[in-house]
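Below you'll find the structure, written out as structure tokens, and then a few comments.
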Amino acid sequence: MRLALFDLDNTLLAGDSDHAWGEFLCQRGLVDSADYKARNDAFYQDYLAGELDVEAYQNFCQEPLARNEMAQLRQWHGEFMRDFIEPIVLAKGEALVRQHHEAGDRVVIITATNRFITGPIAARLGVDTLLATECEMLDGRYTGRLTDVPCFQEGKVTRIERWLNETGQSLEDSYFYSDSRNDLPLLERVSHPVAVDPDPILREIAQQRGWDVISLR
């Protein structure tokens, strides 16, 4: 079965769900808004520049998960989906996912954003297989700590290779759609790398290498 791998943020969504979750927390007054927003924005700029300290960022964004019960987090996530995610779901992205499903391909979302945020988004997009950065849980609650290899930069390659070994899948004739220079390690591993509304660095590299460049906006 051919694989169609998709990045999530700024690829299938017209925005970044990780950063948006921070905006949601600030808007609802669930964190110290001024301090949290400043730190959230700074981490996002590091990400865009390809300089993110992913472990420091995950410790930052998972800390609010540890302070709240799962029932409360689920309620907030429902509001987040309604108010922040639905407006940025890209219709052309949904259509591309359907096209791969209809072709009989195995569709996978592979994202640096953590599973708490992205699990419901992947379900909303009709994608059953999600590889995401993992949140440690203990006794039914988040601990606020990262667990497993962060699904970021080279970590995406590590995570997909493990998944391939576990499932017997292959990257032969595979696709990977992404907007970000941070995904170059995985883009270089697939048969059909596709730059989607790419950042300037990825656009330049894609053009130099003859990769497809598309827009879902």
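Residue numbering restarts at 1 in every chain; chains get A, B, ... in the order shown in the structure tokens, and ligands count up from 1 in that same order.
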
Which polymer residues have any atom within 12 Å of an atom of region 65-76 of chain A, counting only C-alpha atoms, with same-chain residues fewer than 5 positions away left out, as a CSV table (one decimal) with N, CA and C atoms, in the first residue's frame?
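Done, and the output landed in result-v6.csv:
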chain,number,residue,atom,x,y,z
A,21,TRP,N,-3.1,26.8,20.1
A,21,TRP,CA,-3.5,26.3,21.4
A,21,TRP,C,-3.0,27.3,22.5
A,22,GLY,N,-1.8,27.8,22.4
A,22,GLY,CA,-1.3,28.8,23.3
A,22,GLY,C,-2.2,30.1,23.2
A,24,PHE,N,-5.3,30.2,22.4
A,24,PHE,CA,-6.6,29.8,23.1
A,24,PHE,C,-6.4,29.9,24.6
A,25,LEU,N,-5.4,29.4,25.2
A,25,LEU,CA,-5.2,29.4,26.6
A,25,LEU,C,-5.1,30.9,27.1
A,27,GLN,N,-6.4,33.6,25.5
A,27,GLN,CA,-7.7,34.2,25.3
A,27,GLN,C,-8.6,33.9,26.4
A,28,ARG,N,-8.6,32.6,26.9
A,28,ARG,CA,-9.5,32.2,27.9
A,28,ARG,C,-9.0,32.5,29.4
A,29,GLY,N,-7.9,33.1,29.5
A,29,GLY,CA,-7.3,33.4,30.8
A,29,GLY,C,-6.9,32.2,31.6
A,30,LEU,N,-6.5,31.2,30.9
A,30,LEU,CA,-6.2,29.9,31.6
A,30,LEU,C,-4.7,29.8,32.0
A,31,VAL,N,-3.9,30.8,31.5
A,31,VAL,CA,-2.5,31.0,31.9
A,31,VAL,C,-2.2,32.5,32.1
A,58,GLN,N,8.4,21.7,24.3
A,58,GLN,CA,7.4,20.7,24.7
A,58,GLN,C,7.2,20.8,26.2
A,59,ASN,N,8.3,21.0,27.0
A,59,ASN,CA,8.1,21.2,28.4
A,59,ASN,C,7.2,22.4,28.7
A,60,PHE,N,7.4,23.5,27.9
A,60,PHE,CA,6.6,24.7,28.1
A,60,PHE,C,5.1,24.4,27.8
A,81,MET,N,-11.3,23.4,19.1
A,81,MET,CA,-11.6,22.9,17.8
A,81,MET,C,-12.6,23.8,17.1
A,82,ARG,N,-13.6,24.2,17.8
A,82,ARG,CA,-14.7,25.0,17.2
A,82,ARG,C,-14.2,26.4,16.8
A,83,ASP,N,-13.5,27.0,17.7
A,83,ASP,CA,-13.2,28.4,17.6
A,83,ASP,C,-11.9,28.7,16.9
A,84,PHE,N,-10.9,27.8,17.0
A,84,PHE,CA,-9.6,28.0,16.4
A,84,PHE,C,-9.2,27.1,15.2
A,114,ASN,N,2.0,18.0,19.6
A,114,ASN,CA,1.7,16.9,20.5
A,114,ASN,C,0.4,16.2,20.2
A,115,ARG,N,0.2,15.0,20.7
A,115,ARG,CA,-0.9,14.2,20.4
A,115,ARG,C,-2.2,14.7,21.0
A,116,PHE,N,-2.1,15.3,22.2
A,116,PHE,CA,-3.3,15.9,22.8
A,116,PHE,C,-4.0,16.9,21.9
A,117,ILE,N,-3.2,17.8,21.3
A,117,ILE,CA,-3.7,18.8,20.4
A,117,ILE,C,-4.2,18.2,19.1
A,119,GLY,N,-4.7,14.8,18.0
A,119,GLY,CA,-5.5,13.6,17.9
A,119,GLY,C,-6.9,14.0,17.3
A,120,PRO,N,-7.6,14.9,18.0
A,120,PRO,CA,-8.9,15.2,17.4
A,120,PRO,C,-8.9,15.9,16.1
A,135,CYS,N,2.9,12.9,24.8
A,135,CYS,CA,2.8,13.4,26.1
A,135,CYS,C,2.8,12.3,27.1
A,136,GLU,N,3.7,12.4,28.1
A,136,GLU,CA,3.7,11.3,29.1
A,136,GLU,C,2.4,11.4,30.0
A,137,MET,N,1.9,10.2,30.3
A,137,MET,CA,0.7,10.1,31.2
A,137,MET,C,1.0,9.2,32.4
A,138,LEU,N,0.5,9.5,33.5
A,138,LEU,CA,0.6,8.7,34.7
A,138,LEU,C,-0.7,8.7,35.5
A,139,ASP,N,-1.3,7.6,35.7
A,139,ASP,CA,-2.6,7.5,36.4
A,139,ASP,C,-3.6,8.3,35.8
A,140,GLY,N,-3.7,8.3,34.4
A,140,GLY,CA,-4.8,9.0,33.7
A,140,GLY,C,-4.6,10.5,33.6
A,141,ARG,N,-3.4,11.0,34.0
A,141,ARG,CA,-3.2,12.4,33.9
A,141,ARG,C,-1.9,12.7,33.1
A,142,TYR,N,-1.8,13.8,32.5
A,142,TYR,CA,-0.6,14.2,31.9
A,142,TYR,C,0.4,14.6,33.0
A,143,THR,N,1.7,14.3,32.8
A,143,THR,CA,2.7,14.7,33.7
A,143,THR,C,3.3,16.1,33.4
A,144,GLY,N,3.1,16.5,32.1
A,144,GLY,CA,3.8,17.7,31.7
A,144,GLY,C,5.1,17.5,31.1
A,145,ARG,N,5.4,16.2,30.9
A,145,ARG,CA,6.8,15.9,30.3
A,145,ARG,C,6.6,15.2,29.0
A,146,LEU,N,7.6,15.4,28.2
A,146,LEU,CA,7.7,14.8,26.9
A,146,LEU,C,8.1,13.3,27.1

Query raised in the report: Skipping near chain neighbours, those fewer than 3 positions away, what residues fall within 10 Å of Leu187 (chain A) using only C-alpha atoms, listed as a VMD selection string?
Result: chain A and resid 5 157 175 to 178 180 to 184 190 to 195 206 211

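Proximity ranking of A:His77, A:Pro185, A:Pro200, A:Glu154 relative to Thr118 (chain A) places A:His77 first, based on only C-alpha atoms.
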